[in-house]
>>> print(open('final.pdb').read())   # PDB, C-alpha atoms and all ligand atoms
ATOM      1  CA  MET A   1     -80.792-274.510 -17.880  1.00  0.00           C
ATOM      2  CA  ALA A   2     -78.843-273.928 -14.670  1.00  0.00           C
ATOM      3  CA  ASP A   3     -75.683-275.205 -16.346  1.00  0.00           C
ATOM      4  CA  ASN A   4     -76.159-272.751 -19.214  1.00  0.00           C
ATOM      5  CA  TYR A   5     -76.729-269.911 -16.793  1.00  0.00           C
ATOM      6  CA  LEU A   6     -73.457-270.586 -15.023  1.00  0.00           C
ATOM      7  CA  GLU A   7     -71.632-271.046 -18.298  1.00  0.00           C
ATOM      8  CA  ASN A   8     -72.964-267.709 -19.604  1.00  0.00           C
ATOM      9  CA  LYS A   9     -72.088-265.904 -16.389  1.00  0.00           C
ATOM     10  CA  PHE A  10     -68.594-267.368 -16.529  1.00  0.00           C
ATOM     11  CA  ASP A  11     -68.190-266.235 -20.162  1.00  0.00           C
ATOM     12  CA  GLU A  12     -69.352-262.728 -19.246  1.00  0.00           C
ATOM     13  CA  PHE A  13     -66.882-262.618 -16.366  1.00  0.00           C
ATOM     14  CA  ARG A  14     -64.039-263.922 -18.521  1.00  0.00           C
ATOM     15  CA  GLN A  15     -64.797-261.341 -21.232  1.00  0.00           C
ATOM     16  CA  ARG A  16     -64.915-258.519 -18.712  1.00  0.00           C
ATOM     17  CA  LYS A  17     -61.629-259.625 -17.202  1.00  0.00           C
ATOM     18  CA  SER A  18     -59.858-259.961 -20.514  1.00  0.00           C
ATOM     19  CA  ALA A  19     -61.343-256.823 -22.166  1.00  0.00           C
ATOM     20  CA  PRO A  20     -58.286-254.688 -22.796  1.00  0.00           C
ATOM     21  CA  THR A  21     -58.523-251.132 -21.494  1.00  0.00           C
ATOM     22  CA  THR A  22     -56.662-248.099 -22.676  1.00  0.00           C
ATOM     23  CA  LYS A  23     -54.432-245.867 -20.541  1.00  0.00           C
ATOM     24  CA  SER A  24     -57.498-243.796 -19.712  1.00  0.00           C
ATOM     25  CA  GLY A  25     -59.448-246.893 -18.703  1.00  0.00           C
ATOM     26  CA  HIS A  26     -61.603-247.133 -21.845  1.00  0.00           C
ATOM     27  CA  SER A  27     -62.375-250.492 -23.377  1.00  0.00           C
ATOM     28  CA  LEU A  28     -62.877-250.576 -27.147  1.00  0.00           C
ATOM     29  CA  ASP A  29     -66.611-251.126 -26.582  1.00  0.00           C
ATOM     30  CA  SER A  30     -66.924-248.041 -24.409  1.00  0.00           C
ATOM     31  CA  LEU A  31     -64.948-245.892 -26.871  1.00  0.00           C
ATOM     32  CA  LEU A  32     -67.175-247.075 -29.713  1.00  0.00           C
ATOM     33  CA  LYS A  33     -70.338-246.365 -27.746  1.00  0.00           C
ATOM     34  CA  LYS A  34     -69.138-242.914 -26.686  1.00  0.00           C
ATOM     35  CA  ASN A  35     -68.116-242.103 -30.228  1.00  0.00           C
ATOM     36  CA  ARG A  36     -71.415-240.574 -31.342  1.00  0.00           C
ATOM     37  CA  SER A  37     -71.916-237.949 -34.041  1.00  0.00           C
ATOM     38  CA  TYR A  38     -72.075-234.522 -32.393  1.00  0.00           C
ATOM     39  CA  ARG A  39     -73.559-231.559 -34.230  1.00  0.00           C
ATOM     40  CA  GLY A  40     -73.364-229.129 -31.328  1.00  0.00           C
ATOM     41  CA  TYR A  41     -70.249-228.214 -29.340  1.00  0.00           C
ATOM     42  CA  ASP A  42     -69.315-226.398 -26.137  1.00  0.00           C
ATOM     43  CA  SER A  43     -67.866-223.087 -27.339  1.00  0.00           C
ATOM     44  CA  SER A  44     -65.773-222.684 -24.184  1.00  0.00           C
ATOM     45  CA  TRP A  45     -63.633-225.690 -25.168  1.00  0.00           C
ATOM     46  CA  LYS A  46     -60.926-224.896 -27.671  1.00  0.00           C
ATOM     47  CA  VAL A  47     -59.120-227.716 -29.448  1.00  0.00           C
ATOM     48  CA  PRO A  48     -55.332-227.442 -29.349  1.00  0.00           C
ATOM     49  CA  VAL A  49     -53.531-228.317 -32.584  1.00  0.00           C
ATOM     50  CA  SER A  50     -51.736-231.054 -30.623  1.00  0.00           C
ATOM     51  CA  VAL A  51     -55.078-232.889 -30.236  1.00  0.00           C
ATOM     52  CA  LEU A  52     -55.629-232.820 -33.986  1.00  0.00           C
ATOM     53  CA  GLU A  53     -52.034-233.969 -34.519  1.00  0.00           C
ATOM     54  CA  LYS A  54     -52.614-236.939 -32.228  1.00  0.00           C
ATOM     55  CA  MET A  55     -55.682-237.821 -34.267  1.00  0.00           C
ATOM     56  CA  VAL A  56     -53.611-237.723 -37.439  1.00  0.00           C
ATOM     57  CA  GLU A  57     -50.896-239.809 -35.762  1.00  0.00           C
ATOM     58  CA  VAL A  58     -53.183-242.860 -35.454  1.00  0.00           C
ATOM     59  CA  THR A  59     -53.610-242.949 -39.226  1.00  0.00           C
ATOM     60  CA  GLN A  60     -49.979-244.028 -39.469  1.00  0.00           C
ATOM     61  CA  TRP A  61     -51.020-247.371 -37.983  1.00  0.00           C
ATOM     62  CA  VAL A  62     -54.239-248.146 -39.839  1.00  0.00           C
ATOM     63  CA  PRO A  63     -54.613-250.339 -42.931  1.00  0.00           C
ATOM     64  CA  THR A  64     -55.057-248.907 -46.432  1.00  0.00           C
ATOM     65  CA  GLY A  65     -55.762-250.733 -49.701  1.00  0.00           C
ATOM     66  CA  LYS A  66     -52.452-251.603 -51.414  1.00  0.00           C
ATOM     67  CA  ASN A  67     -50.853-249.760 -48.474  1.00  0.00           C
ATOM     68  CA  GLN A  68     -51.386-246.574 -50.438  1.00  0.00           C
ATOM     69  CA  GLN A  69     -51.562-244.156 -47.484  1.00  0.00           C
ATOM     70  CA  ALA A  70     -53.057-241.529 -49.748  1.00  0.00           C
ATOM     71  CA  PHE A  71     -54.443-239.126 -47.162  1.00  0.00           C
ATOM     72  CA  ARG A  72     -53.144-235.697 -46.254  1.00  0.00           C
ATOM     73  CA  PHE A  73     -54.738-233.606 -43.527  1.00  0.00           C
ATOM     74  CA  LYS A  74     -55.458-229.898 -43.223  1.00  0.00           C
ATOM     75  CA  LEU A  75     -55.795-228.934 -39.553  1.00  0.00           C
ATOM     76  CA  VAL A  76     -58.169-226.029 -38.963  1.00  0.00           C
ATOM     77  CA  THR A  77     -58.288-224.285 -35.568  1.00  0.00           C
ATOM     78  CA  GLU A  78     -57.934-220.593 -36.419  1.00  0.00           C
ATOM     79  CA  GLU A  79     -61.288-218.849 -35.811  1.00  0.00           C
ATOM     80  CA  SER A  80     -61.897-217.306 -39.237  1.00  0.00           C
ATOM     81  CA  GLU A  81     -60.771-220.500 -40.981  1.00  0.00           C
ATOM     82  CA  VAL A  82     -63.074-222.555 -38.742  1.00  0.00           C
ATOM     83  CA  ARG A  83     -65.945-220.249 -39.750  1.00  0.00           C
ATOM     84  CA  THR A  84     -65.137-220.837 -43.423  1.00  0.00           C
ATOM     85  CA  VAL A  85     -65.408-224.593 -42.953  1.00  0.00           C
ATOM     86  CA  THR A  86     -68.649-224.279 -40.959  1.00  0.00           C
ATOM     87  CA  GLU A  87     -70.141-222.241 -43.813  1.00  0.00           C
ATOM     88  CA  ASN A  88     -69.310-225.003 -46.265  1.00  0.00           C
ATOM     89  CA  VAL A  89     -70.480-228.148 -44.486  1.00  0.00           C
ATOM     90  CA  LYS A  90     -73.954-229.552 -43.891  1.00  0.00           C
ATOM     91  CA  MET A  91     -75.020-231.202 -40.657  1.00  0.00           C
ATOM     92  CA  GLY A  92     -78.089-233.168 -39.695  1.00  0.00           C
ATOM     93  CA  ALA A  93     -79.698-233.744 -43.099  1.00  0.00           C
ATOM     94  CA  LEU A  94     -82.475-235.749 -41.414  1.00  0.00           C
ATOM     95  CA  LEU A  95     -83.413-232.768 -39.228  1.00  0.00           C
ATOM     96  CA  PRO A  96     -83.357-229.911 -41.781  1.00  0.00           C
ATOM     97  CA  GLU A  97     -85.770-227.753 -39.759  1.00  0.00           C
ATOM     98  CA  LEU A  98     -83.184-227.470 -36.952  1.00  0.00           C
ATOM     99  CA  HIS A  99     -80.481-225.921 -39.180  1.00  0.00           C
ATOM    100  CA  LEU A 100     -77.686-227.581 -37.235  1.00  0.00           C
ATOM    101  CA  PRO A 101     -75.405-226.561 -35.716  1.00  0.00           C
ATOM    102  CA  THR A 102     -77.445-224.046 -33.732  1.00  0.00           C
ATOM    103  CA  PRO A 103     -75.704-220.651 -33.401  1.00  0.00           C
ATOM    104  CA  GLY A 104     -73.070-220.685 -30.672  1.00  0.00           C
ATOM    105  CA  THR A 105     -72.557-224.457 -30.853  1.00  0.00           C
ATOM    106  CA  GLU A 106     -70.477-224.619 -34.030  1.00  0.00           C
ATOM    107  CA  PRO A 107     -67.472-226.971 -33.995  1.00  0.00           C
ATOM    108  CA  PRO A 108     -64.285-225.244 -32.766  1.00  0.00           C
ATOM    109  CA  ALA A 109     -61.975-227.239 -35.055  1.00  0.00           C
ATOM    110  CA  TYR A 110     -61.925-229.310 -38.217  1.00  0.00           C
ATOM    111  CA  ILE A 111     -59.683-231.703 -40.056  1.00  0.00           C
ATOM    112  CA  ILE A 112     -60.058-231.726 -43.828  1.00  0.00           C
ATOM    113  CA  VAL A 113     -59.062-235.118 -45.192  1.00  0.00           C
ATOM    114  CA  CYS A 114     -57.572-234.906 -48.698  1.00  0.00           C
ATOM    115  CA  THR A 115     -56.502-237.624 -51.083  1.00  0.00           C
ATOM    116  CA  THR A 116     -53.345-237.675 -53.196  1.00  0.00           C
ATOM    117  CA  VAL A 117     -54.879-240.287 -55.521  1.00  0.00           C
ATOM    118  CA  PRO A 118     -58.157-240.117 -57.456  1.00  0.00           C
ATOM    119  CA  GLU A 119     -61.177-240.956 -55.326  1.00  0.00           C
ATOM    120  CA  CYS A 120     -62.418-244.508 -55.888  1.00  0.00           C
ATOM    121  CA  LYS A 121     -64.106-247.218 -53.818  1.00  0.00           C
ATOM    122  CA  ARG A 122     -60.812-248.218 -52.213  1.00  0.00           C
ATOM    123  CA  VAL A 123     -60.002-244.641 -51.210  1.00  0.00           C
ATOM    124  CA  GLN A 124     -63.484-244.242 -49.727  1.00  0.00           C
ATOM    125  CA  VAL A 125     -63.110-247.427 -47.693  1.00  0.00           C
ATOM    126  CA  ASP A 126     -59.663-246.268 -46.538  1.00  0.00           C
ATOM    127  CA  ALA A 127     -61.125-242.895 -45.589  1.00  0.00           C
ATOM    128  CA  GLY A 128     -63.768-244.553 -43.421  1.00  0.00           C
ATOM    129  CA  ILE A 129     -61.171-246.619 -41.600  1.00  0.00           C
ATOM    130  CA  ALA A 130     -58.937-243.585 -41.088  1.00  0.00           C
ATOM    131  CA  VAL A 131     -61.581-241.170 -39.809  1.00  0.00           C
ATOM    132  CA  GLN A 132     -63.246-243.656 -37.477  1.00  0.00           C
ATOM    133  CA  SER A 133     -59.823-244.416 -35.980  1.00  0.00           C
ATOM    134  CA  MET A 134     -59.185-240.680 -35.606  1.00  0.00           C
ATOM    135  CA  LEU A 135     -62.508-240.137 -33.857  1.00  0.00           C
ATOM    136  CA  LEU A 136     -61.880-243.004 -31.458  1.00  0.00           C
ATOM    137  CA  LYS A 137     -58.612-241.292 -30.568  1.00  0.00           C
ATOM    138  CA  ALA A 138     -60.480-238.006 -30.065  1.00  0.00           C
ATOM    139  CA  VAL A 139     -62.945-239.715 -27.714  1.00  0.00           C
ATOM    140  CA  GLU A 140     -60.086-241.300 -25.804  1.00  0.00           C
ATOM    141  CA  MET A 141     -58.671-237.781 -25.289  1.00  0.00           C
ATOM    142  CA  GLY A 142     -62.035-236.451 -24.040  1.00  0.00           C
ATOM    143  CA  TYR A 143     -63.203-234.865 -27.288  1.00  0.00           C
ATOM    144  CA  ASN A 144     -65.976-235.670 -29.732  1.00  0.00           C
ATOM    145  CA  GLY A 145     -66.494-235.264 -33.430  1.00  0.00           C
ATOM    146  CA  LEU A 146     -68.499-235.754 -36.580  1.00  0.00           C
ATOM    147  CA  ILE A 147     -67.722-237.261 -39.960  1.00  0.00           C
ATOM    148  CA  ILE A 148     -68.949-234.927 -42.687  1.00  0.00           C
ATOM    149  CA  ALA A 149     -69.365-236.057 -46.287  1.00  0.00           C
ATOM    150  CA  ALA A 150     -71.747-233.221 -47.197  1.00  0.00           C
ATOM    151  CA  PHE A 151     -69.408-230.314 -47.879  1.00  0.00           C
ATOM    152  CA  ASN A 152     -68.606-227.907 -50.682  1.00  0.00           C
ATOM    153  CA  ALA A 153     -65.354-229.347 -52.045  1.00  0.00           C
ATOM    154  CA  THR A 154     -64.771-226.505 -54.508  1.00  0.00           C
ATOM    155  CA  LYS A 155     -65.161-223.799 -51.872  1.00  0.00           C
ATOM    156  CA  LEU A 156     -62.929-225.591 -49.352  1.00  0.00           C
ATOM    157  CA  THR A 157     -60.262-226.294 -51.970  1.00  0.00           C
ATOM    158  CA  GLU A 158     -60.235-222.625 -52.966  1.00  0.00           C
ATOM    159  CA  ALA A 159     -60.415-221.166 -49.457  1.00  0.00           C
ATOM    160  CA  PHE A 160     -57.522-223.260 -48.133  1.00  0.00           C
ATOM    161  CA  ALA A 161     -55.579-223.600 -51.387  1.00  0.00           C
ATOM    162  CA  LEU A 162     -55.685-227.345 -50.841  1.00  0.00           C
ATOM    163  CA  PRO A 163     -53.122-229.115 -53.027  1.00  0.00           C
ATOM    164  CA  TYR A 164     -55.296-232.280 -53.080  1.00  0.00           C
ATOM    165  CA  PRO A 165     -59.063-232.774 -53.288  1.00  0.00           C
ATOM    166  CA  PRO A 166     -60.914-233.228 -49.992  1.00  0.00           C
ATOM    167  CA  VAL A 167     -62.748-236.542 -49.433  1.00  0.00           C
ATOM    168  CA  LEU A 168     -64.170-236.014 -45.957  1.00  0.00           C
ATOM    169  CA  VAL A 169     -64.252-233.394 -43.237  1.00  0.00           C
ATOM    170  CA  LEU A 170     -64.049-234.105 -39.517  1.00  0.00           C
ATOM    171  CA  ALA A 171     -65.517-231.729 -36.952  1.00  0.00           C
ATOM    172  CA  VAL A 172     -63.798-231.882 -33.563  1.00  0.00           C
ATOM    173  CA  GLY A 173     -64.680-230.368 -30.193  1.00  0.00           C
ATOM    174  CA  LYS A 174     -66.282-231.048 -26.856  1.00  0.00           C
ATOM    175  CA  GLY A 175     -69.775-232.283 -27.653  1.00  0.00           C
ATOM    176  CA  ALA A 176     -72.608-230.336 -26.010  1.00  0.00           C
ATOM    177  CA  GLU A 177     -75.485-232.637 -26.902  1.00  0.00           C
ATOM    178  CA  LYS A 178     -77.197-235.427 -25.025  1.00  0.00           C
ATOM    179  CA  ILE A 179     -77.106-238.410 -27.354  1.00  0.00           C
ATOM    180  CA  GLU A 180     -78.618-241.810 -26.720  1.00  0.00           C
ATOM    181  CA  MET A 181     -78.683-244.923 -28.829  1.00  0.00           C
ATOM    182  CA  THR A 182     -81.850-246.988 -28.958  1.00  0.00           C
ATOM    183  CA  GLU A 183     -82.088-250.582 -30.121  1.00  0.00           C
ATOM    184  CA  ILE A 184     -84.397-251.279 -33.067  1.00  0.00           C
ATOM    185  CA  SER A 185     -85.248-254.138 -35.388  1.00  0.00           C
ATOM    186  CA  ALA A 186     -84.047-253.985 -38.974  1.00  0.00           C
ATOM    187  CA  GLU A 187     -87.555-253.104 -40.267  1.00  0.00           C
ATOM    188  CA  GLU A 188     -87.949-249.993 -38.114  1.00  0.00           C
ATOM    189  CA  SER A 189     -86.994-246.500 -39.265  1.00  0.00           C
ATOM    190  CA  HIS A 190     -83.257-245.801 -39.073  1.00  0.00           C
ATOM    191  CA  ASN A 191     -83.809-242.021 -38.864  1.00  0.00           C
ATOM    192  CA  TYR A 192     -82.322-240.262 -35.872  1.00  0.00           C
ATOM    193  CA  TRP A 193     -84.648-237.861 -34.037  1.00  0.00           C
ATOM    194  CA  ARG A 194     -84.723-235.345 -31.172  1.00  0.00           C
ATOM    195  CA  GLU A 195     -87.121-235.256 -28.246  1.00  0.00           C
ATOM    196  CA  ASN A 196     -86.952-233.209 -25.028  1.00  0.00           C
ATOM    197  CA  GLY A 197     -83.401-232.127 -25.765  1.00  0.00           C
ATOM    198  CA  VAL A 198     -82.106-235.640 -26.414  1.00  0.00           C
ATOM    199  CA  HIS A 199     -80.730-236.784 -29.778  1.00  0.00           C
ATOM    200  CA  TYR A 200     -81.757-240.414 -30.321  1.00  0.00           C
ATOM    201  CA  VAL A 201     -79.833-242.692 -32.673  1.00  0.00           C
ATOM    202  CA  PRO A 202     -81.594-245.960 -33.518  1.00  0.00           C
ATOM    203  CA  LYS A 203     -79.281-248.916 -34.012  1.00  0.00           C
ATOM    204  CA  VAL A 204     -80.317-252.292 -35.399  1.00  0.00           C
ATOM    205  CA  ARG A 205     -79.638-255.009 -32.859  1.00  0.00           C
ATOM    206  CA  TRP A 206     -76.593-256.946 -33.934  1.00  0.00           C
ATOM    207  CA  GLN A 207     -78.293-260.337 -33.797  1.00  0.00           C
ATOM    208  CA  GLU A 208     -80.354-259.287 -36.843  1.00  0.00           C
ATOM    209  CA  LEU A 209     -77.278-258.346 -38.836  1.00  0.00           C
ATOM    210  CA  ILE A 210     -76.023-261.865 -39.328  1.00  0.00           C
ATOM    211  CA  ILE A 211     -77.170-263.495 -42.582  1.00  0.00           C
TER
HETATM  212  C1  LIG B   1     -69.345-241.622 -44.226  1.00  0.00           C
HETATM  213  C2  LIG B   1     -70.179-240.761 -43.330  1.00  0.00           C
HETATM  214  C3  LIG B   1     -70.567-239.514 -43.751  1.00  0.00           C
HETATM  215  C4  LIG B   1     -71.328-238.696 -42.918  1.00  0.00           C
HETATM  216  N1  LIG B   1     -71.658-237.434 -43.334  1.00  0.00           N
HETATM  217  C5  LIG B   1     -72.379-236.646 -42.510  1.00  0.00           C
HETATM  218  C6  LIG B   1     -72.676-235.301 -42.903  1.00  0.00           C
HETATM  219  O1  LIG B   1     -72.303-234.841 -43.974  1.00  0.00           O
HETATM  220  N2  LIG B   1     -73.379-234.521 -42.028  1.00  0.00           N
HETATM  221  C7  LIG B   1     -73.820-235.011 -40.810  1.00  0.00           C
HETATM  222  O2  LIG B   1     -74.470-234.273 -40.060  1.00  0.00           O
HETATM  223  N3  LIG B   1     -73.545-236.273 -40.418  1.00  0.00           N
HETATM  224  C8  LIG B   1     -72.825-237.094 -41.212  1.00  0.00           C
HETATM  225  N4  LIG B   1     -72.498-238.353 -40.825  1.00  0.00           N
HETATM  226  C9  LIG B   1     -72.914-238.820 -39.498  1.00  0.00           C
HETATM  227  C10 LIG B   1     -74.080-239.813 -39.582  1.00  0.00           C
HETATM  228  O3  LIG B   1     -75.269-239.127 -39.854  1.00  0.00           O
HETATM  229  C11 LIG B   1     -74.158-240.568 -38.233  1.00  0.00           C
HETATM  230  O4  LIG B   1     -73.080-241.476 -38.181  1.00  0.00           O
HETATM  231  C12 LIG B   1     -75.471-241.317 -38.043  1.00  0.00           C
HETATM  232  O5  LIG B   1     -76.518-240.403 -37.887  1.00  0.00           O
HETATM  233  C13 LIG B   1     -75.434-242.228 -36.818  1.00  0.00           C
HETATM  234  O6  LIG B   1     -75.102-241.530 -35.650  1.00  0.00           O
HETATM  235  P1  LIG B   1     -73.866-241.992 -34.785  1.00  0.00           P
HETATM  236  O7  LIG B   1     -72.613-241.637 -35.556  1.00  0.00           O
HETATM  237  O8  LIG B   1     -73.966-241.239 -33.514  1.00  0.00           O
HETATM  238  O9  LIG B   1     -73.974-243.466 -34.604  1.00  0.00           O
HETATM  239  C14 LIG B   1     -71.725-239.173 -41.627  1.00  0.00           C
HETATM  240  C15 LIG B   1     -71.312-240.432 -41.202  1.00  0.00           C
HETATM  241  C16 LIG B   1     -70.537-241.213 -42.030  1.00  0.00           C
HETATM  242  C17 LIG B   1     -70.074-242.562 -41.528  1.00  0.00           C
END
>>> encode(input="final.pdb", output="structure tokens", more="lines below")
Ligand SMILES: Cc1cc2nc3c(=O)[nH]c(=O)nc-3n(C[C@H](O)[C@H](O)[C@H](O)COP(=O)(O)O)c2cc1C
Amino acid sequence: MADNYLENKFDEFRQRKSAPTTKSGHSLDSLLKKNRSYRGYDSSWKVPVSVLEKMVEVTQWVPTGKNQQAFRFKLVTEESEVRTVTENVKMGALLPELHLPTPGTEPPAYIIVCTTVPECKRVQVDAGIAVQSMLLKAVEMGYNGLIIAAFNATKLTEAFALPYPPVLVLAVGKGAEKIEMTEISAEESHNYWRENGVHYVPKVRWQELII
């Protein structure tokens, strides 16, 4: 028992020591934990195009099936264009009564992710890898975001004269919500909920994920 305790403590210490940190002092674990889905943003924080460009930059280094690198990105920061995107995306499907985002907390910027090849399972997997990497970069830079699959593709394609069909939309800004993760067992409801101004996101404890 005592031996195990010491061994575990030593492992913890070794992991902490060897956990790589980024320039800004973030470990991968802390970036992942901070990278929550925000559906309300601080309107006083604008997002410079350079931030969106840095998010796109990381996609140069991520894997894609058959190394296809099919994505092209439309950066949206201009106010009326941002409004057009907001009007054509849906947020918080599990909390329809809240009509998120609440007025005044709309995202200040978006990235529309388009594909140069027909959408298929591989493209969808690639899109997930790309956008999660982009959001981790956003968090590292002090921003937050949201992956949006519920959007009006026809309207966005028309409004922005997109040369390729959109597969996902990313909202980007400085999150203005209090979000907490809670640990649940696999059988419990996975629905996120809000209580006393806090957005709770239940996450199945990892030990139950191994089959
Ligand atoms: C592929 C994908 C598509 C998503 N689409 C939407 C969406 O259309 N609207 C939305 O509000 N959230 C969307 N989300 C965010 C999820 O609802 C969110 O990840 C989930 O509630 C867990 O919260 P967390 O990201 O903070 O862990 C999407 C997430 C993923 C990964």
>>> residues_near_ligand(input="final.pdb", ligand="ligand LIG 1 (chain B)", cutoff="10 Å", atoms="all atoms listed in the file", output="VMD selection string")
chain A and resid 32 to 39 89 to 95 100 to 101 124 to 125 127 to 129 131 to 132 145 to 151 167 to 171 179 to 181 190 to 193 199 to 203
>>> closest_residue(input="final.pdb", among="A:Glu140, A:Glu106, A:Glu183, A:Glu119", to="Gly40 of chain A", atoms="only C-alpha atoms")
A:Glu106
>>> closest_residue(input="final.pdb", among="A:Met55, A:Leu31, A:Val172, A:Ala138", to="Val85 of chain A", atoms="all atoms listed in the file")
A:Val172
>>> closest_residue(input="final.pdb", among="A:Leu209, A:Ala109, A:Val58, A:Cys120", to="Arg83 of chain A", atoms="all atoms listed in the file")
A:Ala109
>>> resolve_selection(input="final.pdb", expression="the PyMOL selection byres (((chain A and resi 47) around 7) and not hetatm)", output="list in words")
Trp45, Lys46, Pro48, Val49, Val51, Pro108, Ala109 and Gly173 of chain A
>>> resolve_selection(input="final.pdb", expression="the PyMOL selection byres (((chain A and resi 70) around 12) and not hetatm)", output="PDB file with C-alpha atoms, in the frame of the given file")
ATOM      1  CA  THR A  59     -53.610-242.949 -39.226  1.00  0.00           C
ATOM      2  CA  GLN A  60     -49.979-244.028 -39.469  1.00  0.00           C
ATOM      3  CA  VAL A  62     -54.239-248.146 -39.839  1.00  0.00           C
ATOM      4  CA  PRO A  63     -54.613-250.339 -42.931  1.00  0.00           C
ATOM      5  CA  THR A  64     -55.057-248.907 -46.432  1.00  0.00           C
ATOM      6  CA  GLY A  65     -55.762-250.733 -49.701  1.00  0.00           C
ATOM      7  CA  LYS A  66     -52.452-251.603 -51.414  1.00  0.00           C
ATOM      8  CA  ASN A  67     -50.853-249.760 -48.474  1.00  0.00           C
ATOM      9  CA  GLN A  68     -51.386-246.574 -50.438  1.00  0.00           C
ATOM     10  CA  GLN A  69     -51.562-244.156 -47.484  1.00  0.00           C
ATOM     11  CA  PHE A  71     -54.443-239.126 -47.162  1.00  0.00           C
ATOM     12  CA  ARG A  72     -53.144-235.697 -46.254  1.00  0.00           C
ATOM     13  CA  PHE A  73     -54.738-233.606 -43.527  1.00  0.00           C
ATOM     14  CA  VAL A 113     -59.062-235.118 -45.192  1.00  0.00           C
ATOM     15  CA  CYS A 114     -57.572-234.906 -48.698  1.00  0.00           C
ATOM     16  CA  THR A 115     -56.502-237.624 -51.083  1.00  0.00           C
ATOM     17  CA  THR A 116     -53.345-237.675 -53.196  1.00  0.00           C
ATOM     18  CA  VAL A 117     -54.879-240.287 -55.521  1.00  0.00           C
ATOM     19  CA  PRO A 118     -58.157-240.117 -57.456  1.00  0.00           C
ATOM     20  CA  GLU A 119     -61.177-240.956 -55.326  1.00  0.00           C
ATOM     21  CA  CYS A 120     -62.418-244.508 -55.888  1.00  0.00           C
ATOM     22  CA  ARG A 122     -60.812-248.218 -52.213  1.00  0.00           C
ATOM     23  CA  VAL A 123     -60.002-244.641 -51.210  1.00  0.00           C
ATOM     24  CA  GLN A 124     -63.484-244.242 -49.727  1.00  0.00           C
ATOM     25  CA  VAL A 125     -63.110-247.427 -47.693  1.00  0.00           C
ATOM     26  CA  ASP A 126     -59.663-246.268 -46.538  1.00  0.00           C
ATOM     27  CA  ALA A 127     -61.125-242.895 -45.589  1.00  0.00           C
ATOM     28  CA  ALA A 130     -58.937-243.585 -41.088  1.00  0.00           C
ATOM     29  CA  TYR A 164     -55.296-232.280 -53.080  1.00  0.00           C
ATOM     30  CA  PRO A 165     -59.063-232.774 -53.288  1.00  0.00           C
ATOM     31  CA  PRO A 166     -60.914-233.228 -49.992  1.00  0.00           C
ATOM     32  CA  VAL A 167     -62.748-236.542 -49.433  1.00  0.00           C
TER      33      VAL A 167
END
>>> atom_distance(input="final.pdb", atom1="atom CA of Thr154 of chain A", atom2="atom CA of Pro107 of chain A")
20.7 Å
>>> atom_distance(input="final.pdb", atom1="atom CA of Ser133 of chain A", atom2="atom CA of Ala176 of chain A")
21.5 Å
>>> residues_near_point(input="final.pdb", point="(-75.2, -229.4, -26.8)", cutoff="7 Å", atoms="all atoms listed in the file", output="list in words")
Gly40, Tyr41, Asp42, Thr105, Gly175, Ala176, Glu177 and Lys178 of chain A
>>> write_last_selection(input="final.pdb", atoms="C-alpha atoms", output="CSV table (one decimal), in the coordinates of the input")
chain,number,residue,atom,x,y,z
A,40,GLY,CA,-73.4,-229.1,-31.3
A,41,TYR,CA,-70.2,-228.2,-29.3
A,42,ASP,CA,-69.3,-226.4,-26.1
A,105,THR,CA,-72.6,-224.5,-30.9
A,175,GLY,CA,-69.8,-232.3,-27.7
A,176,ALA,CA,-72.6,-230.3,-26.0
A,177,GLU,CA,-75.5,-232.6,-26.9
A,178,LYS,CA,-77.2,-235.4,-25.0
>>> residues_near_point(input="final.pdb", point="(-62.5, -219.4, -38.9)", cutoff="12 Å", atoms="only C-alpha atoms", output="PyMOL selection string")
chain A and resi 75-88+106-110+159-160
>>> atom_distance(input="final.pdb", atom1="atom CA of Lys174 of chain A", atom2="atom CA of Ser43 of chain A")
8.1 Å
>>> axis_aligned_box(input="final.pdb", around="segment 176-179 of chain A", padding_each_side="3 Å", output="AutoDock Vina command-line options")
--center_x -74.9 --center_y -234.4 --center_z -26.2 --size_x 10.6 --size_y 14.1 --size_z 8.3
